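Shown below: target_4.cif, with mmCIF, N, CA and C atoms.
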```cif
data_model
loop_
_atom_site.label_atom_id
_atom_site.label_comp_id
_atom_site.auth_asym_id
_atom_site.auth_seq_id
_atom_site.Cartn_x
_atom_site.Cartn_y
_atom_site.Cartn_z
N MET A 260 0.84 -1.17 0.00
CA MET A 260 0.00 0.00 0.00
C MET A 260 0.89 1.24 0.00
N PRO A 261 0.66 2.19 -0.94
CA PRO A 261 1.50 3.39 -0.99
C PRO A 261 1.22 4.31 0.19
N SER A 262 2.27 4.91 0.65
CA SER A 262 2.08 5.85 1.77
C SER A 262 1.75 7.23 1.24
N ILE A 263 0.99 7.97 1.99
CA ILE A 263 0.54 9.29 1.57
C ILE A 263 1.66 10.32 1.68
N GLY A 264 2.48 10.20 2.66
CA GLY A 264 3.52 11.22 2.90
C GLY A 264 4.89 10.85 2.38
N SER A 265 4.96 10.01 1.35
CA SER A 265 6.29 9.61 0.85
C SER A 265 6.95 10.75 0.08
N VAL A 266 8.25 10.77 0.16
CA VAL A 266 9.04 11.79 -0.52
C VAL A 266 9.96 11.08 -1.50
N ALA A 267 10.02 11.58 -2.70
CA ALA A 267 10.88 10.97 -3.71
C ALA A 267 12.34 11.22 -3.37
N LYS A 268 13.17 10.22 -3.61
CA LYS A 268 14.60 10.38 -3.37
C LYS A 268 15.23 10.95 -4.63
N ILE A 269 16.09 11.91 -4.44
CA ILE A 269 16.78 12.56 -5.55
C ILE A 269 18.25 12.15 -5.49
N HIS A 270 18.78 11.73 -6.62
CA HIS A 270 20.19 11.36 -6.67
C HIS A 270 21.02 12.65 -6.73
N TYR A 271 21.91 12.80 -5.81
CA TYR A 271 22.78 13.97 -5.76
C TYR A 271 24.20 13.55 -6.07
N ASP A 272 24.80 14.19 -7.05
CA ASP A 272 26.18 13.88 -7.42
C ASP A 272 27.07 15.00 -6.90
N PRO A 273 27.88 14.74 -5.88
CA PRO A 273 28.68 15.81 -5.26
C PRO A 273 29.95 16.18 -6.00
N THR A 274 30.19 15.61 -7.18
CA THR A 274 31.41 15.96 -7.89
C THR A 274 31.32 17.41 -8.36
N PRO A 275 32.41 18.16 -8.19
CA PRO A 275 32.38 19.58 -8.58
C PRO A 275 32.30 19.75 -10.10
N LEU A 276 31.73 20.86 -10.50
CA LEU A 276 31.63 21.17 -11.93
C LEU A 276 32.98 21.62 -12.45
N ASP A 277 33.25 21.31 -13.71
CA ASP A 277 34.49 21.81 -14.28
C ASP A 277 34.34 23.30 -14.59
N ARG A 278 35.44 23.97 -14.80
CA ARG A 278 35.46 25.43 -14.99
C ARG A 278 34.60 25.84 -16.18
N ARG A 279 34.68 25.11 -17.27
CA ARG A 279 33.92 25.47 -18.48
C ARG A 279 32.41 25.43 -18.23
N THR A 280 31.95 24.39 -17.55
CA THR A 280 30.52 24.27 -17.24
C THR A 280 30.08 25.36 -16.28
N LEU A 281 30.90 25.65 -15.29
CA LEU A 281 30.58 26.70 -14.33
C LEU A 281 30.49 28.06 -15.03
N ASN A 282 31.42 28.34 -15.93
CA ASN A 282 31.38 29.61 -16.67
C ASN A 282 30.13 29.70 -17.55
N LYS A 283 29.74 28.57 -18.14
CA LYS A 283 28.54 28.55 -18.98
C LYS A 283 27.30 28.85 -18.14
N LEU A 284 27.22 28.27 -16.95
CA LEU A 284 26.09 28.54 -16.06
C LEU A 284 26.06 30.01 -15.64
N LYS A 285 27.22 30.59 -15.40
CA LYS A 285 27.28 32.02 -15.03
C LYS A 285 26.82 32.89 -16.20
N ARG A 286 27.20 32.52 -17.42
CA ARG A 286 26.77 33.29 -18.59
C ARG A 286 25.26 33.16 -18.80
N GLN A 287 24.71 31.97 -18.55
CA GLN A 287 23.26 31.80 -18.67
C GLN A 287 22.52 32.66 -17.65
N GLU A 288 23.03 32.72 -16.45
CA GLU A 288 22.40 33.56 -15.43
C GLU A 288 22.49 35.04 -15.82
N ALA A 289 23.64 35.46 -16.33
CA ALA A 289 23.81 36.86 -16.74
C ALA A 289 22.88 37.20 -17.90
N ALA A 290 22.70 36.29 -18.84
CA ALA A 290 21.79 36.53 -19.96
C ALA A 290 20.35 36.64 -19.46
N HIS A 291 19.99 35.84 -18.50
CA HIS A 291 18.64 35.91 -17.92
C HIS A 291 18.42 37.24 -17.21
N VAL A 292 19.39 37.66 -16.42
CA VAL A 292 19.27 38.94 -15.71
C VAL A 292 19.14 40.08 -16.71
N ASN A 293 19.92 40.02 -17.79
CA ASN A 293 19.84 41.06 -18.81
C ASN A 293 18.48 41.07 -19.48
N ALA A 294 17.90 39.90 -19.71
CA ALA A 294 16.56 39.83 -20.32
C ALA A 294 15.51 40.44 -19.40
N VAL A 295 15.62 40.18 -18.12
CA VAL A 295 14.66 40.74 -17.16
C VAL A 295 14.80 42.26 -17.12
N GLU A 296 16.03 42.76 -17.14
CA GLU A 296 16.25 44.21 -17.12
C GLU A 296 15.71 44.88 -18.38
N GLY A 297 15.85 44.23 -19.53
CA GLY A 297 15.42 44.83 -20.78
C GLY A 297 13.93 44.69 -21.07
N PHE A 298 13.24 43.86 -20.32
CA PHE A 298 11.83 43.61 -20.58
C PHE A 298 10.97 44.86 -20.41
N SER A 299 11.32 45.72 -19.48
CA SER A 299 10.51 46.93 -19.25
C SER A 299 10.53 47.85 -20.48
N LEU A 300 11.66 47.94 -21.16
CA LEU A 300 11.73 48.75 -22.38
C LEU A 300 10.83 48.15 -23.46
N PHE A 301 10.85 46.85 -23.58
CA PHE A 301 9.99 46.17 -24.56
C PHE A 301 8.51 46.43 -24.27
N VAL A 302 8.12 46.28 -23.02
CA VAL A 302 6.72 46.51 -22.64
C VAL A 302 6.33 47.96 -22.92
N ALA A 303 7.20 48.89 -22.56
CA ALA A 303 6.92 50.31 -22.80
C ALA A 303 6.75 50.58 -24.30
N ALA A 304 7.61 50.00 -25.11
CA ALA A 304 7.53 50.22 -26.56
C ALA A 304 6.23 49.65 -27.14
N ILE A 305 5.87 48.45 -26.74
CA ILE A 305 4.67 47.81 -27.28
C ILE A 305 3.41 48.54 -26.82
N LEU A 306 3.34 48.87 -25.54
CA LEU A 306 2.14 49.56 -25.03
C LEU A 306 2.01 50.96 -25.60
N THR A 307 3.13 51.67 -25.73
CA THR A 307 3.09 53.02 -26.30
C THR A 307 2.66 52.96 -27.77
N ALA A 308 3.19 52.00 -28.50
CA ALA A 308 2.81 51.86 -29.91
C ALA A 308 1.32 51.52 -30.04
N ALA A 309 0.83 50.65 -29.19
CA ALA A 309 -0.59 50.29 -29.23
C ALA A 309 -1.46 51.50 -28.89
N TYR A 310 -1.07 52.25 -27.87
CA TYR A 310 -1.83 53.44 -27.47
C TYR A 310 -1.84 54.49 -28.58
N ALA A 311 -0.72 54.62 -29.28
CA ALA A 311 -0.61 55.64 -30.32
C ALA A 311 -1.34 55.26 -31.60
N GLY A 312 -1.74 54.01 -31.72
CA GLY A 312 -2.46 53.59 -32.91
C GLY A 312 -1.58 53.05 -34.02
N VAL A 313 -0.40 52.59 -33.68
CA VAL A 313 0.45 51.94 -34.68
C VAL A 313 -0.26 50.65 -35.10
N PRO A 314 -0.26 50.33 -36.39
CA PRO A 314 -0.96 49.12 -36.84
C PRO A 314 -0.49 47.86 -36.11
N SER A 315 -1.44 46.98 -35.81
CA SER A 315 -1.09 45.79 -35.03
C SER A 315 -0.11 44.88 -35.76
N GLU A 316 -0.13 44.87 -37.08
CA GLU A 316 0.85 44.07 -37.82
C GLU A 316 2.26 44.56 -37.53
N THR A 317 2.41 45.88 -37.47
CA THR A 317 3.72 46.47 -37.17
C THR A 317 4.14 46.16 -35.74
N ILE A 318 3.20 46.26 -34.82
CA ILE A 318 3.50 45.96 -33.42
C ILE A 318 3.89 44.48 -33.28
N ASN A 319 3.18 43.61 -33.98
CA ASN A 319 3.52 42.18 -33.94
C ASN A 319 4.91 41.92 -34.52
N THR A 320 5.23 42.62 -35.60
CA THR A 320 6.55 42.48 -36.21
C THR A 320 7.64 42.91 -35.23
N ILE A 321 7.41 44.02 -34.54
CA ILE A 321 8.37 44.50 -33.54
C ILE A 321 8.52 43.47 -32.42
N GLY A 322 7.41 42.89 -31.99
CA GLY A 322 7.45 41.88 -30.94
C GLY A 322 8.23 40.63 -31.35
N VAL A 323 8.00 40.17 -32.57
CA VAL A 323 8.74 39.00 -33.06
C VAL A 323 10.21 39.34 -33.23
N TRP A 324 10.50 40.52 -33.76
CA TRP A 324 11.88 40.98 -33.93
C TRP A 324 12.60 40.97 -32.58
N TYR A 325 11.97 41.55 -31.57
CA TYR A 325 12.57 41.61 -30.24
C TYR A 325 12.78 40.20 -29.67
N THR A 326 11.77 39.36 -29.80
CA THR A 326 11.86 38.00 -29.24
C THR A 326 12.97 37.20 -29.89
N LEU A 327 13.05 37.24 -31.21
CA LEU A 327 14.12 36.52 -31.91
C LEU A 327 15.49 37.08 -31.56
N SER A 328 15.58 38.40 -31.42
CA SER A 328 16.85 39.01 -31.03
C SER A 328 17.28 38.56 -29.64
N ARG A 329 16.31 38.48 -28.72
CA ARG A 329 16.64 38.06 -27.35
C ARG A 329 17.04 36.59 -27.31
N ILE A 330 16.39 35.75 -28.10
CA ILE A 330 16.78 34.34 -28.16
C ILE A 330 18.19 34.21 -28.71
N ALA A 331 18.45 34.94 -29.80
CA ALA A 331 19.80 34.90 -30.40
C ALA A 331 20.84 35.42 -29.41
N TYR A 332 20.49 36.50 -28.68
CA TYR A 332 21.41 37.06 -27.69
C TYR A 332 21.74 36.03 -26.61
N SER A 333 20.72 35.37 -26.10
CA SER A 333 20.94 34.37 -25.04
C SER A 333 21.81 33.22 -25.54
N LEU A 334 21.56 32.77 -26.76
CA LEU A 334 22.38 31.70 -27.32
C LEU A 334 23.82 32.15 -27.53
N CYS A 335 23.99 33.36 -28.07
CA CYS A 335 25.34 33.89 -28.27
C CYS A 335 26.07 34.05 -26.94
N TYR A 336 25.38 34.60 -25.96
CA TYR A 336 25.98 34.83 -24.65
C TYR A 336 26.38 33.51 -24.00
N THR A 337 25.56 32.50 -24.15
CA THR A 337 25.81 31.22 -23.49
C THR A 337 26.89 30.40 -24.19
N TYR A 338 26.85 30.34 -25.51
CA TYR A 338 27.69 29.38 -26.22
C TYR A 338 28.93 29.95 -26.88
N ILE A 339 29.02 31.25 -27.08
CA ILE A 339 30.22 31.81 -27.71
C ILE A 339 31.27 32.06 -26.64
N GLU A 340 32.41 31.41 -26.81
CA GLU A 340 33.49 31.54 -25.84
C GLU A 340 34.69 32.29 -26.41
N LYS A 341 34.76 32.43 -27.74
CA LYS A 341 35.89 33.11 -28.36
C LYS A 341 35.65 34.61 -28.37
N LYS A 342 36.68 35.36 -28.00
CA LYS A 342 36.54 36.82 -28.00
C LYS A 342 36.27 37.36 -29.40
N SER A 343 36.83 36.71 -30.42
CA SER A 343 36.65 37.19 -31.79
C SER A 343 35.20 37.11 -32.25
N LEU A 344 34.40 36.23 -31.66
CA LEU A 344 32.99 36.09 -32.03
C LEU A 344 32.05 36.79 -31.06
N SER A 345 32.59 37.36 -30.00
CA SER A 345 31.72 37.97 -28.98
C SER A 345 31.00 39.21 -29.50
N CYS A 346 31.45 39.76 -30.63
CA CYS A 346 30.74 40.91 -31.20
C CYS A 346 29.32 40.52 -31.62
N LEU A 347 29.09 39.24 -31.91
CA LEU A 347 27.74 38.80 -32.26
C LEU A 347 26.77 39.01 -31.11
N ARG A 348 27.26 38.88 -29.90
CA ARG A 348 26.43 39.12 -28.72
C ARG A 348 25.98 40.58 -28.70
N SER A 349 26.90 41.49 -28.99
CA SER A 349 26.55 42.91 -29.02
C SER A 349 25.57 43.23 -30.13
N VAL A 350 25.77 42.62 -31.29
CA VAL A 350 24.88 42.85 -32.43
C VAL A 350 23.46 42.40 -32.09
N THR A 351 23.32 41.24 -31.48
CA THR A 351 21.98 40.75 -31.15
C THR A 351 21.35 41.57 -30.03
N TRP A 352 22.16 42.04 -29.09
CA TRP A 352 21.64 42.90 -28.01
C TRP A 352 21.11 44.20 -28.60
N TRP A 353 21.91 44.82 -29.48
CA TRP A 353 21.47 46.07 -30.10
C TRP A 353 20.25 45.85 -30.99
N SER A 354 20.17 44.74 -31.66
CA SER A 354 19.01 44.45 -32.50
C SER A 354 17.73 44.47 -31.67
N GLY A 355 17.76 43.83 -30.51
CA GLY A 355 16.58 43.85 -29.64
C GLY A 355 16.22 45.24 -29.17
N ASN A 356 17.23 46.02 -28.80
CA ASN A 356 16.95 47.38 -28.34
C ASN A 356 16.49 48.29 -29.48
N ILE A 357 17.03 48.10 -30.66
CA ILE A 357 16.59 48.90 -31.81
C ILE A 357 15.14 48.59 -32.15
N SER A 358 14.72 47.35 -31.96
CA SER A 358 13.31 47.03 -32.20
C SER A 358 12.42 47.83 -31.25
N CYS A 359 12.83 47.96 -30.01
CA CYS A 359 12.05 48.75 -29.04
C CYS A 359 12.07 50.23 -29.40
N ILE A 360 13.23 50.72 -29.79
CA ILE A 360 13.34 52.13 -30.18
C ILE A 360 12.47 52.40 -31.41
N THR A 361 12.43 51.45 -32.33
CA THR A 361 11.58 51.58 -33.51
C THR A 361 10.11 51.72 -33.10
N GLY A 362 9.68 50.90 -32.17
CA GLY A 362 8.30 51.01 -31.68
C GLY A 362 8.02 52.36 -31.05
N LEU A 363 8.96 52.86 -30.27
CA LEU A 363 8.77 54.16 -29.63
C LEU A 363 8.76 55.30 -30.65
N VAL A 364 9.62 55.22 -31.65
CA VAL A 364 9.67 56.26 -32.69
C VAL A 364 8.38 56.25 -33.51
N LEU A 365 7.91 55.06 -33.88
CA LEU A 365 6.65 54.98 -34.63
C LEU A 365 5.48 55.53 -33.82
N ALA A 366 5.49 55.26 -32.53
CA ALA A 366 4.44 55.79 -31.65
C ALA A 366 4.53 57.31 -31.57
N ALA A 367 5.74 57.83 -31.47
CA ALA A 367 5.93 59.28 -31.40
C ALA A 367 5.45 59.96 -32.67
N LYS A 368 5.67 59.35 -33.81
CA LYS A 368 5.21 59.92 -35.08
C LYS A 368 3.69 59.94 -35.17
N LYS A 369 3.03 58.98 -34.53
CA LYS A 369 1.57 58.92 -34.56
C LYS A 369 0.92 59.92 -33.60
N LEU A 370 1.63 60.25 -32.53
CA LEU A 370 1.03 61.14 -31.52
C LEU A 370 1.17 62.59 -31.86
#
```
Could I get this file's structure written as structure tokens?
Amino acid sequence: MPSIGSVAKIHYDPTPLDRRTLNKLKRQEAAHVNAVEGFSLFVAAILTAAYAGVPSETINTIGVWYTLSRIAYSLCYTYIEKKSLSCLRSVTWWSGNISCITGLVLAAKKL
């Protein structure tokens, strides 16, 4: 008969992580924090554009542009380890921010 208060056992492996894995986890956390910080600009751009009467197709395009840029940024931040390729991280970060600025500029032109 199964007990009501049973707790599942979790296998814990106490071996330490290697440096490369630890650095990857730190980069993933940093990318997440950056996404949380940048989300307010995205929300402001989308809501301002909607309030100003920017066509919904344009607002949707800006939203998809921002989302794809953020996904690309997170992947670049997490997996690119060579300094020579780290400029891709900056390009994807700016792409996301430019999408938000585009929404704000279009809203300003409508108001």
Taking 4 positions as the minimum chain separation for residues in the same chain, which residues sit within 10 Å of region 362-370 of chain A when counting only C-alpha atoms? Answer as a list of chain:residue names. A:Leu300, A:Phe301, A:Ala303, A:Ala304, A:Ile305, A:Leu306, A:Thr307, A:Ala308, A:Ala309, A:Tyr310, A:Ala311, A:Gly312, A:Val313, A:Pro314, A:Thr317, A:Ile318, A:Thr320, A:Ile321, A:Gly322, A:Asn356, A:Ile357, A:Ser358
Using all atoms listed in the file, pick whichever of A:Ser328, A:Asn319, A:Ser299, A:Thr274 has the shortest atom-to-atom distance to Trp353 (chain A). A:Ser328
Suppose you want the space between CA of Ile330 (chain A) and CA of Leu276 (chain A); what is it in Å? 25.6 Å
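Here atom N of Val292 (chain A) and CA of Arg329 (chain A) stand 11.3 Å from one another.
Excluding region 281-284 of chain A and any residue on its chain fewer than 2 positions from it, the residues at most 10 Å away by only C-alpha atoms are Pro275, Leu276, Asp277, Arg278, Arg279, Arg286, Gln287, Glu288, Ala289, Ala290, Tyr336, Thr337, Tyr338, Ile339 and Glu340 of chain A.
The two atoms in question, CA of Val302 (chain A) and CA of Leu347 (chain A), are spaced 24.4 Å apart.
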Based on the backbone DSSP call, show me all residues of chain A assigned alpha helix (DSSP H), as a PyMOL selection string. chain A and resi 278-311+315-338+346-369
Region 297-305 of chain A: axis-aligned bounding box, 6 Å on each side, centre and edge lengths in Å, one decimal, as AutoDock Vina command-line options:
```
--center_x 9.6 --center_y 47.1 --center_z -23.3 --size_x 24.4 --size_y 19.0 --size_z 20.0
```
I need region 272-310 of chain A written out with N, CA and C atoms, as a compact mmCIF listing (two decimals), in the first residue's frame; please produce it.
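After the write, out_21.txt holds the following:
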```txt
# COMPACT_ATOMS: atom_id res chain seq x y z
N ASP A 272 24.80 14.19 -7.05
CA ASP A 272 26.18 13.88 -7.42
C ASP A 272 27.07 15.00 -6.90
N PRO A 273 27.88 14.74 -5.88
CA PRO A 273 28.68 15.81 -5.26
C PRO A 273 29.95 16.18 -6.00
N THR A 274 30.19 15.61 -7.18
CA THR A 274 31.41 15.96 -7.89
C THR A 274 31.32 17.41 -8.36
N PRO A 275 32.41 18.16 -8.19
CA PRO A 275 32.38 19.58 -8.58
C PRO A 275 32.30 19.75 -10.10
N LEU A 276 31.73 20.86 -10.50
CA LEU A 276 31.63 21.17 -11.93
C LEU A 276 32.98 21.62 -12.45
N ASP A 277 33.25 21.31 -13.71
CA ASP A 277 34.49 21.81 -14.28
C ASP A 277 34.34 23.30 -14.59
N ARG A 278 35.44 23.97 -14.80
CA ARG A 278 35.46 25.43 -14.99
C ARG A 278 34.60 25.84 -16.18
N ARG A 279 34.68 25.11 -17.27
CA ARG A 279 33.92 25.47 -18.48
C ARG A 279 32.41 25.43 -18.23
N THR A 280 31.95 24.39 -17.55
CA THR A 280 30.52 24.27 -17.24
C THR A 280 30.08 25.36 -16.28
N LEU A 281 30.90 25.65 -15.29
CA LEU A 281 30.58 26.70 -14.33
C LEU A 281 30.49 28.06 -15.03
N ASN A 282 31.42 28.34 -15.93
CA ASN A 282 31.38 29.61 -16.67
C ASN A 282 30.13 29.70 -17.55
N LYS A 283 29.74 28.57 -18.14
CA LYS A 283 28.54 28.55 -18.98
C LYS A 283 27.30 28.85 -18.14
N LEU A 284 27.22 28.27 -16.95
CA LEU A 284 26.09 28.54 -16.06
C LEU A 284 26.06 30.01 -15.64
N LYS A 285 27.22 30.59 -15.40
CA LYS A 285 27.28 32.02 -15.03
C LYS A 285 26.82 32.89 -16.20
N ARG A 286 27.20 32.52 -17.42
CA ARG A 286 26.77 33.29 -18.59
C ARG A 286 25.26 33.16 -18.80
N GLN A 287 24.71 31.97 -18.55
CA GLN A 287 23.26 31.80 -18.67
C GLN A 287 22.52 32.66 -17.65
N GLU A 288 23.03 32.72 -16.45
CA GLU A 288 22.40 33.56 -15.43
C GLU A 288 22.49 35.04 -15.82
N ALA A 289 23.64 35.46 -16.33
CA ALA A 289 23.81 36.86 -16.74
C ALA A 289 22.88 37.20 -17.90
N ALA A 290 22.70 36.29 -18.84
CA ALA A 290 21.79 36.53 -19.96
C ALA A 290 20.35 36.64 -19.46
N HIS A 291 19.99 35.84 -18.50
CA HIS A 291 18.64 35.91 -17.92
C HIS A 291 18.42 37.24 -17.21
N VAL A 292 19.39 37.66 -16.42
CA VAL A 292 19.27 38.94 -15.71
C VAL A 292 19.14 40.08 -16.71
N ASN A 293 19.92 40.02 -17.79
CA ASN A 293 19.84 41.06 -18.81
C ASN A 293 18.48 41.07 -19.48
N ALA A 294 17.90 39.90 -19.71
CA ALA A 294 16.56 39.83 -20.32
C ALA A 294 15.51 40.44 -19.40
N VAL A 295 15.62 40.18 -18.12
CA VAL A 295 14.66 40.74 -17.16
C VAL A 295 14.80 42.26 -17.12
N GLU A 296 16.03 42.76 -17.14
CA GLU A 296 16.25 44.21 -17.12
C GLU A 296 15.71 44.88 -18.38
N GLY A 297 15.85 44.23 -19.53
CA GLY A 297 15.42 44.83 -20.78
C GLY A 297 13.93 44.69 -21.07
N PHE A 298 13.24 43.86 -20.32
CA PHE A 298 11.83 43.61 -20.58
C PHE A 298 10.97 44.86 -20.41
N SER A 299 11.32 45.72 -19.48
CA SER A 299 10.51 46.93 -19.25
C SER A 299 10.53 47.85 -20.48
N LEU A 300 11.66 47.94 -21.16
CA LEU A 300 11.73 48.75 -22.38
C LEU A 300 10.83 48.15 -23.46
N PHE A 301 10.85 46.85 -23.58
CA PHE A 301 9.99 46.17 -24.56
C PHE A 301 8.51 46.43 -24.27
N VAL A 302 8.12 46.28 -23.02
CA VAL A 302 6.72 46.51 -22.64
C VAL A 302 6.33 47.96 -22.92
N ALA A 303 7.20 48.89 -22.56
CA ALA A 303 6.92 50.31 -22.80
C ALA A 303 6.75 50.58 -24.30
N ALA A 304 7.61 50.00 -25.11
CA ALA A 304 7.53 50.22 -26.56
C ALA A 304 6.23 49.65 -27.14
N ILE A 305 5.87 48.45 -26.74
CA ILE A 305 4.67 47.81 -27.28
C ILE A 305 3.41 48.54 -26.82
N LEU A 306 3.34 48.87 -25.54
CA LEU A 306 2.14 49.56 -25.03
C LEU A 306 2.01 50.96 -25.60
N THR A 307 3.13 51.67 -25.73
CA THR A 307 3.09 53.02 -26.30
C THR A 307 2.66 52.96 -27.77
N ALA A 308 3.19 52.00 -28.50
CA ALA A 308 2.81 51.86 -29.91
C ALA A 308 1.32 51.52 -30.04
N ALA A 309 0.83 50.65 -29.19
CA ALA A 309 -0.59 50.29 -29.23
C ALA A 309 -1.46 51.50 -28.89
N TYR A 310 -1.07 52.25 -27.87
CA TYR A 310 -1.83 53.44 -27.47
C TYR A 310 -1.84 54.49 -28.58
```
